[in-house]
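The file run_3.pdb comes next; it holds PDB, C-alpha atoms and all ligand atoms.
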```pdb
ATOM      1  CA  MET A   1       7.904  26.756  -7.944
ATOM      2  CA  ASN A   2       4.784  26.273  -5.844
ATOM      3  CA  ALA A   3       4.472  30.028  -5.425
ATOM      4  CA  GLU A   4       4.596  30.470  -9.203
ATOM      5  CA  LEU A   5       2.083  27.712  -9.795
ATOM      6  CA  LEU A   6      -0.291  29.180  -7.239
ATOM      7  CA  LEU A   7       0.092  32.617  -8.800
ATOM      8  CA  ARG A   8      -0.754  31.205 -12.222
ATOM      9  CA  PHE A   9      -3.719  29.461 -10.618
ATOM     10  CA  THR A  10      -4.869  32.742  -9.019
ATOM     11  CA  LEU A  11      -4.615  34.614 -12.319
ATOM     12  CA  SER A  12      -5.730  31.631 -14.476
ATOM     13  CA  CYS A  13      -2.798  32.328 -16.755
ATOM     14  CA  ASP A  14       0.114  30.420 -18.185
ATOM     15  CA  ARG A  15       3.804  30.806 -17.550
ATOM     16  CA  ALA A  16       4.417  32.827 -20.696
ATOM     17  CA  TYR A  17       1.885  35.448 -19.560
ATOM     18  CA  LEU A  18       3.511  35.669 -16.157
ATOM     19  CA  PHE A  19       6.967  36.320 -17.604
ATOM     20  CA  ALA A  20       5.691  38.642 -20.327
ATOM     21  CA  HIS A  21       3.969  40.909 -17.783
ATOM     22  CA  PRO A  22       6.373  41.496 -14.905
ATOM     23  CA  GLU A  23       4.782  44.917 -14.346
ATOM     24  CA  ARG A  24       1.339  43.432 -13.771
ATOM     25  CA  GLU A  25       0.090  44.209 -10.275
ATOM     26  CA  LEU A  26      -2.450  42.133  -8.427
ATOM     27  CA  THR A  27      -5.825  43.635  -7.710
ATOM     28  CA  SER A  28      -6.762  43.463  -4.054
ATOM     29  CA  GLU A  29      -9.157  40.620  -4.812
ATOM     30  CA  GLU A  30      -6.414  38.663  -6.613
ATOM     31  CA  GLN A  31      -3.994  39.400  -3.799
ATOM     32  CA  ALA A  32      -6.506  38.036  -1.277
ATOM     33  CA  ARG A  33      -6.977  34.842  -3.294
ATOM     34  CA  TYR A  34      -3.233  34.407  -3.756
ATOM     35  CA  ASP A  35      -2.618  34.920  -0.017
ATOM     36  CA  GLU A  36      -5.284  32.343   0.741
ATOM     37  CA  ALA A  37      -3.662  29.814  -1.621
ATOM     38  CA  LEU A  38      -0.218  30.466  -0.106
ATOM     39  CA  SER A  39      -1.501  30.061   3.414
ATOM     40  CA  GLN A  40      -3.169  26.764   2.555
ATOM     41  CA  ARG A  41       0.105  25.583   1.053
ATOM     42  CA  ALA A  42       1.950  26.750   4.195
ATOM     43  CA  ARG A  43      -0.431  24.576   6.248
ATOM     44  CA  GLY A  44       0.714  21.645   4.135
ATOM     45  CA  VAL A  45      -2.286  21.306   1.815
ATOM     46  CA  PRO A  46      -0.947  19.634  -1.360
ATOM     47  CA  THR A  47      -0.776  22.065  -4.276
ATOM     48  CA  GLN A  48      -3.063  19.788  -6.295
ATOM     49  CA  TYR A  49      -5.884  20.141  -3.755
ATOM     50  CA  ILE A  50      -5.496  23.935  -3.897
ATOM     51  CA  THR A  51      -5.509  24.177  -7.684
ATOM     52  CA  GLY A  52      -7.862  21.186  -8.018
ATOM     53  CA  HIS A  53      -5.829  19.621 -10.824
ATOM     54  CA  GLN A  54      -3.223  16.937 -11.525
ATOM     55  CA  GLU A  55      -1.848  15.655 -14.791
ATOM     56  CA  PHE A  56      -1.751  11.887 -15.432
ATOM     57  CA  TRP A  57      -0.999   9.995 -18.657
ATOM     58  CA  GLY A  58      -1.027  13.287 -20.567
ATOM     59  CA  MET A  59      -4.515  14.242 -19.401
ATOM     60  CA  ASP A  60      -5.814  16.732 -16.875
ATOM     61  CA  PHE A  61      -7.631  15.341 -13.830
ATOM     62  CA  ILE A  62      -9.759  17.136 -11.285
ATOM     63  CA  VAL A  63      -8.751  16.231  -7.755
ATOM     64  CA  THR A  64     -10.392  16.960  -4.422
ATOM     65  CA  PRO A  65      -9.609  15.605  -0.957
ATOM     66  CA  ALA A  66     -12.144  12.835  -1.754
ATOM     67  CA  VAL A  67      -9.543  11.178  -3.996
ATOM     68  CA  LEU A  68      -5.893  10.245  -3.939
ATOM     69  CA  ILE A  69      -3.751  12.561  -6.077
ATOM     70  CA  PRO A  70      -2.598  10.517  -9.104
ATOM     71  CA  ARG A  71       1.128   9.731  -8.915
ATOM     72  CA  PRO A  72       3.554   9.461 -11.829
ATOM     73  CA  GLU A  73       4.656   5.987 -10.570
ATOM     74  CA  THR A  74       1.145   4.722 -11.259
ATOM     75  CA  GLU A  75       1.792   5.231 -14.977
ATOM     76  CA  HIS A  76       3.953   2.094 -14.759
ATOM     77  CA  LEU A  77       0.765   0.132 -14.176
ATOM     78  CA  ILE A  78      -0.659   1.381 -17.484
ATOM     79  CA  GLU A  79       2.615   0.551 -19.240
ATOM     80  CA  ALA A  80       2.546  -2.958 -17.744
ATOM     81  CA  VAL A  81      -0.948  -3.621 -19.140
ATOM     82  CA  MET A  82       0.159  -2.317 -22.554
ATOM     83  CA  LYS A  83       3.241  -4.540 -22.518
ATOM     84  CA  LEU A  84       1.147  -7.620 -21.768
ATOM     85  CA  THR A  85      -1.318  -6.881 -24.532
ATOM     86  CA  VAL A  86       1.521  -6.527 -27.031
ATOM     87  CA  GLU A  87       3.300  -9.685 -25.852
ATOM     88  CA  LYS A  88       0.205 -11.836 -25.610
ATOM     89  CA  ASP A  89      -1.705 -10.151 -28.384
ATOM     90  CA  THR A  90      -4.783 -10.109 -26.171
ATOM     91  CA  SER A  91      -5.829  -6.649 -27.282
ATOM     92  CA  SER A  92      -8.875  -8.179 -28.881
ATOM     93  CA  PRO A  93     -11.774  -5.824 -29.455
ATOM     94  CA  ASP A  94     -13.860  -7.433 -26.751
ATOM     95  CA  SER A  95     -11.237  -7.352 -24.023
ATOM     96  CA  ARG A  96     -12.700  -6.420 -20.630
ATOM     97  CA  ILE A  97     -10.729  -4.501 -18.034
ATOM     98  CA  VAL A  98     -11.650  -3.428 -14.499
ATOM     99  CA  ASP A  99      -9.872  -0.803 -12.386
ATOM    100  CA  VAL A 100     -10.471  -1.566  -8.710
ATOM    101  CA  GLY A 101     -10.521   1.442  -6.370
ATOM    102  CA  THR A 102     -10.549   3.945  -9.175
ATOM    103  CA  GLY A 103     -10.394   7.102  -7.020
ATOM    104  CA  SER A 104      -9.923   9.999  -9.446
ATOM    105  CA  GLY A 105     -10.466   7.521 -12.293
ATOM    106  CA  CYS A 106      -6.952   8.050 -13.600
ATOM    107  CA  ILE A 107      -6.172   4.377 -14.304
ATOM    108  CA  ALA A 108      -9.518   3.542 -15.925
ATOM    109  CA  ILE A 109      -9.379   6.684 -18.063
ATOM    110  CA  ALA A 110      -5.774   6.109 -19.175
ATOM    111  CA  LEU A 111      -6.727   2.537 -20.135
ATOM    112  CA  ALA A 112      -9.798   3.781 -22.005
ATOM    113  CA  LYS A 113      -7.479   6.066 -23.962
ATOM    114  CA  GLU A 114      -4.979   3.312 -24.784
ATOM    115  CA  PHE A 115      -7.523   0.585 -25.542
ATOM    116  CA  PRO A 116     -10.226   2.173 -27.695
ATOM    117  CA  HIS A 117     -12.034  -1.153 -28.182
ATOM    118  CA  ALA A 118     -11.911  -2.497 -24.653
ATOM    119  CA  GLU A 119     -14.864  -2.522 -22.303
ATOM    120  CA  ILE A 120     -13.705  -0.690 -19.197
ATOM    121  CA  HIS A 121     -15.195  -0.931 -15.712
ATOM    122  CA  ALA A 122     -14.172   0.992 -12.604
ATOM    123  CA  THR A 123     -15.143   0.365  -8.995
ATOM    124  CA  ASP A 124     -14.831   2.337  -5.790
ATOM    125  CA  ILE A 125     -16.368   2.020  -2.353
ATOM    126  CA  SER A 126     -16.587   5.817  -2.091
ATOM    127  CA  ALA A 127     -19.523   7.542  -3.794
ATOM    128  CA  ALA A 128     -17.668  10.863  -3.504
ATOM    129  CA  ALA A 129     -14.657   9.417  -5.326
ATOM    130  CA  LEU A 130     -16.882   7.986  -8.067
ATOM    131  CA  ASP A 131     -18.401  11.435  -8.625
ATOM    132  CA  ILE A 132     -14.923  12.794  -9.292
ATOM    133  CA  ALA A 133     -14.007   9.805 -11.482
ATOM    134  CA  ARG A 134     -17.167  10.306 -13.548
ATOM    135  CA  SER A 135     -16.464  13.988 -14.069
ATOM    136  CA  ASN A 136     -12.892  13.189 -15.050
ATOM    137  CA  ALA A 137     -14.138  10.642 -17.574
ATOM    138  CA  ALA A 138     -16.578  13.221 -18.955
ATOM    139  CA  ARG A 139     -14.062  16.039 -19.271
ATOM    140  CA  ASN A 140     -11.676  13.744 -21.139
ATOM    141  CA  GLN A 141     -14.503  12.450 -23.378
ATOM    142  CA  PHE A 142     -14.474   8.899 -22.025
ATOM    143  CA  GLU A 143     -17.774   8.871 -20.153
ATOM    144  CA  LYS A 144     -19.368   6.478 -22.627
ATOM    145  CA  ARG A 145     -16.425   4.103 -22.403
ATOM    146  CA  ILE A 146     -16.370   3.420 -18.662
ATOM    147  CA  GLN A 147     -18.949   1.731 -16.441
ATOM    148  CA  PHE A 148     -18.673   2.829 -12.819
ATOM    149  CA  HIS A 149     -19.705   0.638  -9.887
ATOM    150  CA  GLU A 150     -20.038   1.697  -6.263
ATOM    151  CA  THR A 151     -18.869  -1.445  -4.500
ATOM    152  CA  ASP A 152     -16.202  -2.970  -2.283
ATOM    153  CA  LEU A 153     -13.367  -4.171  -4.551
ATOM    154  CA  LEU A 154     -14.976  -6.587  -7.074
ATOM    155  CA  ARG A 155     -18.140  -7.453  -5.190
ATOM    156  CA  GLY A 156     -21.119  -7.889  -7.523
ATOM    157  CA  LEU A 157     -19.075  -8.108 -10.739
ATOM    158  CA  ALA A 158     -19.527 -11.163 -12.938
ATOM    159  CA  PRO A 159     -17.106 -14.084 -12.413
ATOM    160  CA  ASP A 160     -14.827 -15.342 -15.208
ATOM    161  CA  SER A 161     -15.440 -12.185 -17.182
ATOM    162  CA  PHE A 162     -12.342  -9.944 -17.161
ATOM    163  CA  ASP A 163      -9.119 -10.122 -19.157
ATOM    164  CA  PHE A 164      -7.432  -7.682 -16.783
ATOM    165  CA  VAL A 165      -8.001  -6.683 -13.171
ATOM    166  CA  VAL A 166      -5.910  -3.588 -12.505
ATOM    167  CA  SER A 167      -5.581  -1.749  -9.205
ATOM    168  CA  ASN A 168      -3.601   0.748  -7.207
ATOM    169  CA  PRO A 169      -4.957  -0.413  -3.869
ATOM    170  CA  PRO A 170      -4.179   1.138  -0.507
ATOM    171  CA  TYR A 171      -0.960  -0.655   0.460
ATOM    172  CA  VAL A 172       0.632   1.316   3.285
ATOM    173  CA  GLY A 173       0.608  -0.241   6.761
ATOM    174  CA  GLU A 174      -0.370   1.791   9.797
ATOM    175  CA  ALA A 175       2.858   0.474  11.342
ATOM    176  CA  GLU A 176       4.815   2.521   8.750
ATOM    177  CA  GLU A 177       2.724   5.625   9.212
ATOM    178  CA  ASP A 178       5.718   7.611  10.520
ATOM    179  CA  GLN A 179       7.500   7.133   7.209
ATOM    180  CA  VAL A 180       4.646   8.596   5.203
ATOM    181  CA  GLN A 181       4.893  12.286   4.323
ATOM    182  CA  LEU A 182       2.865  14.451   6.669
ATOM    183  CA  GLU A 183       1.020  16.030   3.729
ATOM    184  CA  VAL A 184      -0.213  12.632   2.611
ATOM    185  CA  ARG A 185      -1.226  11.582   6.118
ATOM    186  CA  LYS A 186      -3.025  14.796   6.878
ATOM    187  CA  PHE A 187      -4.739  15.589   3.613
ATOM    188  CA  GLU A 188      -5.174  12.546   1.368
ATOM    189  CA  PRO A 189      -8.060  10.127   1.991
ATOM    190  CA  ARG A 190      -6.919   7.703   4.669
ATOM    191  CA  ASN A 191      -8.673   4.696   3.176
ATOM    192  CA  ALA A 192      -6.969   5.330  -0.170
ATOM    193  CA  VAL A 193      -3.498   5.142   1.390
ATOM    194  CA  PHE A 194      -3.656   2.832   4.414
ATOM    195  CA  ALA A 195      -4.908  -0.747   4.208
ATOM    196  CA  GLY A 196      -4.670  -1.766   7.879
ATOM    197  CA  SER A 197      -1.834  -2.499  10.251
ATOM    198  CA  THR A 198       0.395  -4.414   7.799
ATOM    199  CA  GLY A 199      -0.522  -2.715   4.524
ATOM    200  CA  LEU A 200      -1.478  -6.036   2.954
ATOM    201  CA  GLU A 201      -5.072  -6.217   4.153
ATOM    202  CA  VAL A 202      -6.719  -4.966   0.958
ATOM    203  CA  ILE A 203      -4.462  -6.960  -1.381
ATOM    204  CA  GLU A 204      -5.229 -10.086   0.673
ATOM    205  CA  ARG A 205      -8.904  -9.642  -0.143
ATOM    206  CA  LEU A 206      -8.345  -8.486  -3.712
ATOM    207  CA  VAL A 207      -6.229 -11.456  -4.868
ATOM    208  CA  PRO A 208      -8.914 -14.149  -4.318
ATOM    209  CA  GLN A 209     -11.642 -11.872  -5.674
ATOM    210  CA  ALA A 210      -9.581 -11.169  -8.794
ATOM    211  CA  ARG A 211      -9.038 -14.887  -9.280
ATOM    212  CA  ILE A 212     -12.807 -15.328  -9.433
ATOM    213  CA  ALA A 213     -13.469 -12.284 -11.631
ATOM    214  CA  LEU A 214     -10.790 -13.073 -14.230
ATOM    215  CA  LYS A 215     -11.302 -15.204 -17.306
ATOM    216  CA  PRO A 216      -9.001 -18.236 -17.585
ATOM    217  CA  GLU A 217      -5.492 -16.848 -18.317
ATOM    218  CA  GLY A 218      -6.575 -13.350 -17.335
ATOM    219  CA  TRP A 219      -4.084 -11.005 -15.658
ATOM    220  CA  LEU A 220      -4.028  -9.240 -12.303
ATOM    221  CA  LEU A 221      -1.835  -6.143 -12.100
ATOM    222  CA  MET A 222      -1.395  -4.153  -8.911
ATOM    223  CA  GLU A 223       0.694  -1.258  -7.780
ATOM    224  CA  ILE A 224       2.799  -2.162  -4.745
ATOM    225  CA  SER A 225       5.692  -0.798  -2.694
ATOM    226  CA  GLY A 226       9.092  -2.187  -1.792
ATOM    227  CA  THR A 227       7.843  -2.849   1.737
ATOM    228  CA  ILE A 228       5.145  -5.298   0.667
ATOM    229  CA  ALA A 229       6.653  -6.697  -2.556
ATOM    230  CA  GLU A 230       7.739 -10.053  -1.138
ATOM    231  CA  ARG A 231       4.548 -10.576   0.843
ATOM    232  CA  ALA A 232       2.512  -9.757  -2.252
ATOM    233  CA  ARG A 233       4.522 -12.350  -4.184
ATOM    234  CA  GLN A 234       3.702 -14.938  -1.499
ATOM    235  CA  LEU A 235      -0.004 -14.173  -1.787
ATOM    236  CA  LEU A 236       0.318 -14.897  -5.503
ATOM    237  CA  SER A 237       2.332 -18.090  -5.072
ATOM    238  CA  GLU A 238      -0.285 -20.206  -6.846
ATOM    239  CA  TRP A 239      -0.524 -17.793  -9.790
ATOM    240  CA  ARG A 240       1.428 -18.095 -13.029
ATOM    241  CA  GLN A 241       4.149 -15.822 -14.394
ATOM    242  CA  VAL A 242       4.375 -13.641 -11.288
ATOM    243  CA  GLN A 243       6.543 -10.683 -12.109
ATOM    244  CA  ILE A 244       7.542  -7.583 -10.165
ATOM    245  CA  THR A 245       8.660  -4.487 -12.072
ATOM    246  CA  ASN A 246      10.580  -1.601 -10.525
ATOM    247  CA  ASP A 247       9.840   2.079 -10.943
ATOM    248  CA  LEU A 248      12.367   4.640 -12.169
ATOM    249  CA  GLN A 249      13.856   4.853  -8.686
ATOM    250  CA  GLY A 250      14.448   1.104  -8.644
ATOM    251  CA  ILE A 251      11.626   0.476  -6.134
ATOM    252  CA  PRO A 252       9.337  -2.530  -6.743
ATOM    253  CA  ARG A 253       6.177  -0.907  -8.087
ATOM    254  CA  VAL A 254       4.040  -3.236 -10.187
ATOM    255  CA  VAL A 255       3.216  -6.890  -9.677
ATOM    256  CA  SER A 256       1.592  -8.810 -12.488
ATOM    257  CA  ALA A 257       0.339 -12.390 -12.385
ATOM    258  CA  GLN A 258      -1.741 -14.678 -14.550
ATOM    259  CA  LYS A 259      -4.747 -16.535 -13.197
ATOM    260  CA  PRO A 260      -3.724 -20.069 -12.282
TER     261      PRO A 260
HETATM  262  N1  LIG B   1      -6.769   4.506  -8.771
HETATM  263  C1  LIG B   1      -6.466   5.773  -8.167
HETATM  264  C2  LIG B   1      -5.010   6.127  -8.381
HETATM  265  O1  LIG B   1      -4.230   5.315  -8.756
HETATM  266  C3  LIG B   1      -6.786   5.761  -6.680
HETATM  267  C4  LIG B   1      -5.995   4.752  -5.911
HETATM  268  C5  LIG B   1      -6.308   4.768  -4.441
HETATM  269  O2  LIG B   1      -7.134   5.553  -3.988
HETATM  270  N2  LIG B   1      -5.645   3.912  -3.700
HETATM  271  O3  LIG B   1      -4.599   7.235  -8.174
END
```

Step by step, read the file and then write its structure as structure tokens.
Ligand code: GLN
Amino acid sequence: MNAELLLRFTLSCDRAYLFAHPERELTSEEQARYDEALSQRARGVPTQYITGHQEFWGMDFIVTPAVLIPRPETEHLIEAVMKLTVEKDTSSPDSRIVDVGTGSGCIAIALAKEFPHAEIHATDISAAALDIARSNAARNQFEKRIQFHETDLLRGLAPDSFDFVVSNPPYVGEAEEDQVQLEVRKFEPRNAVFAGSTGLEVIERLVPQARIALKPEGWLLMEISGTIAERARQLLSEWRQVQITNDLQGIPRVVSAQKP
């Protein structure tokens, strides 16, 4: 499967072309590029960093080793925001949403697509990640919809001003490093995956900052893992309507809570 994908990448062609032209031979230049892609893959480089692309929420995203590769589980976070807006009917035209630690920009851009009237902000501490997020916004025609901020979590953003704070923060603990796939450990940005020794370090800082940034009755939604679900719930013990939703594998994946 990877070999086929890398071959399509080398030839910039689709699957149909590949199967319609079994006789097609590679030129020596194509062969060299294909061999290079295969050898990178053999070293463990994720396919997405070789091809430079990943799909998320039905859109194509550019990815480089400066950003986390968007994961399908993260789509649950988008669904959770949509569910809340339907239930609470808070999809007012002036609703303000911020994606904290935007990385590739996938969350902010998916939300821009789903909420055409919302004002969307996205933050990241990494200038290199923000460059990628901006180009992803531009290539999906959302550059005018999203305001990007180079900052640590929510620092510098106005208090009492957001309806939703949404984030897929780093939540893996260094203590569980052995359980993380080698490909992730070796090739994805460390500060996008690991938060500190327990995995809760970033969420611990984000929760109080989100409380300040949210409007009264605003919502915080974060991606989490099974490992930290209960500790995340404890950090939100003063919040209202704390709810944890599982992903398709039955693993706790999204926590949502309303500002107390
Ligand atoms: N928001 C981006 C994503 O969900 C990046 C998250 C991160 O780097 N922790 O893919």

Would you write out, as a list in words, every residue that the PyMOL selection byres (((not hetatm)) within 8 of (chain B and resi 1)) captures in this file?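 For this structure, the PyMOL selection byres (((not hetatm)) within 8 of (chain B and resi 1)) resolves to Val67, Leu68, Ile69, Pro70, Arg71, Thr74, Asp99, Val100, Gly101, Thr102, Gly103, Ser104, Gly105, Cys106, Ile107, Ala108, Ser167, Asn168, Pro169, Pro170, Tyr171, Pro189, Asn191, Ala192 and Val193 of chain A.
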
Please save C-alpha atoms of the selected residues as a PDB file, in the coordinates of the input.
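So again.pdb came out as:
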```pdb
ATOM      1  CA  VAL A  67      -9.543  11.178  -3.996  1.00  0.00           C
ATOM      2  CA  LEU A  68      -5.893  10.245  -3.939  1.00  0.00           C
ATOM      3  CA  ILE A  69      -3.751  12.561  -6.077  1.00  0.00           C
ATOM      4  CA  PRO A  70      -2.598  10.517  -9.104  1.00  0.00           C
ATOM      5  CA  ARG A  71       1.128   9.731  -8.915  1.00  0.00           C
ATOM      6  CA  THR A  74       1.145   4.722 -11.259  1.00  0.00           C
ATOM      7  CA  ASP A  99      -9.872  -0.803 -12.386  1.00  0.00           C
ATOM      8  CA  VAL A 100     -10.471  -1.566  -8.710  1.00  0.00           C
ATOM      9  CA  GLY A 101     -10.521   1.442  -6.370  1.00  0.00           C
ATOM     10  CA  THR A 102     -10.549   3.945  -9.175  1.00  0.00           C
ATOM     11  CA  GLY A 103     -10.394   7.102  -7.020  1.00  0.00           C
ATOM     12  CA  SER A 104      -9.923   9.999  -9.446  1.00  0.00           C
ATOM     13  CA  GLY A 105     -10.466   7.521 -12.293  1.00  0.00           C
ATOM     14  CA  CYS A 106      -6.952   8.050 -13.600  1.00  0.00           C
ATOM     15  CA  ILE A 107      -6.172   4.377 -14.304  1.00  0.00           C
ATOM     16  CA  ALA A 108      -9.518   3.542 -15.925  1.00  0.00           C
ATOM     17  CA  SER A 167      -5.581  -1.749  -9.205  1.00  0.00           C
ATOM     18  CA  ASN A 168      -3.601   0.748  -7.207  1.00  0.00           C
ATOM     19  CA  PRO A 169      -4.957  -0.413  -3.869  1.00  0.00           C
ATOM     20  CA  PRO A 170      -4.179   1.138  -0.507  1.00  0.00           C
ATOM     21  CA  TYR A 171      -0.960  -0.655   0.460  1.00  0.00           C
ATOM     22  CA  PRO A 189      -8.060  10.127   1.991  1.00  0.00           C
ATOM     23  CA  ASN A 191      -8.673   4.696   3.176  1.00  0.00           C
ATOM     24  CA  ALA A 192      -6.969   5.330  -0.170  1.00  0.00           C
ATOM     25  CA  VAL A 193      -3.498   5.142   1.390  1.00  0.00           C
TER      26      VAL A 193
END
```

For the provided coordinates, the residues matched by the PyMOL selection byres (((chain A and resi 51) around 9) and not hetatm) should be stated as a list in words.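 Selected by the PyMOL selection byres (((chain A and resi 51) around 9) and not hetatm) here: Leu5, Leu6, Phe9, Thr10, Ala37, Thr47, Gln48, Tyr49, Ile50, Gly52, His53, Gln54, Ile62 and Val63 of chain A.
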
Give me, as a tab-separated table, the closest atom pair and its distance (Å, one decimal) for every residue of region 60-154 of chain A within a cut-off of 9 Å of region 243-247 of chain A, counting all atoms listed in the file, rows sorted by chain and rising number.
```
residue	atom	partner	partner_atom	distance
A:Glu73	CA	A:Asp247	CA	6.5
A:His76	CA	A:Asp247	CA	7.0
A:Ala80	CA	A:Thr245	CA	8.5
```

Smallest atom-to-atom distance to Leu77 (chain A): which of A:Val180, A:Ala133, A:Val172, A:Leu111, using only C-alpha atoms? A:Leu111

Resolved residues for the PyMOL selection byres (((chain A and resi 113-119) around 10) and not hetatm) as a ChimeraX atom specification: /A:57,59,78-79,81-82,85,91-98,107-112,120-121,140-142,145-147,162-163

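Among the candidates A:Arg211, A:Pro65, A:Tyr17, A:Glu223, the residue lying nearest to Arg185 (chain A) is A:Pro65 (atoms considered: all atoms listed in the file).
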
For CA of Phe148 (chain A) and CA of Arg134 (chain A), determine how far apart the two atoms are, in Å to one decimal place. 7.7 Å

Atomic distance CA of Phe164 (chain A) - CA of Ile212 (chain A), expressed in Å with one decimal: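 Calculated distance between CA of Phe164 (chain A) and CA of Ile212 (chain A) is 11.9 Å.
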
For Ala3 (chain A), which residue among A:Gln249, A:Asp35, A:Pro22, A:Ser28 is the nearest when counting all atoms listed in the file?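 Answer, going by the shortest atom-to-atom distance: A:Asp35.
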
In the coordinate frame of the file, compute which residues have an atom within 7 Å of (-8.4, -3.4, -0.4) when using only C-alpha atoms, and state them as a list of chain:residue names.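 Counting only C-alpha atoms, I find these residues within 7 Å of (-8.4, -3.4, -0.4): A:Leu153, A:Pro169, A:Pro170, A:Ala195, A:Glu201, A:Val202, A:Ile203, A:Arg205, A:Leu206.
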
If I take CA of Gly218 (chain A) and CA of Pro159 (chain A), how far is one from the other in Å, to one decimal?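 CA of Pro159 (chain A) lies at a distance of 11.6 Å from CA of Gly218 (chain A).
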
Set up a box along x, y and z of the file covering all listed atoms of region 2-12 of chain A, add 5 Å on every one of the six sides, and write the centre and edge lengths in Å to one decimal, as JSON.
```
{"center_x": -0.5, "center_y": 30.4, "center_z": -10.0, "size_x": 20.5, "size_y": 18.3, "size_z": 19.1}
```

What lies within 9 Å of Ser126 (chain A) using all atoms listed in the file, ignoring chain neighbours under 2 positions off, as a VMD selection string? chain A and resid 66 101 103 123 to 124 128 to 131 150 to 152

Counting all atoms listed in the file, figure out which residue out of A:Arg253, A:Glu55, A:Cys13, A:Val207 gets nearest to Leu235 (chain A).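 Nearest to Leu235 (chain A): A:Val207.
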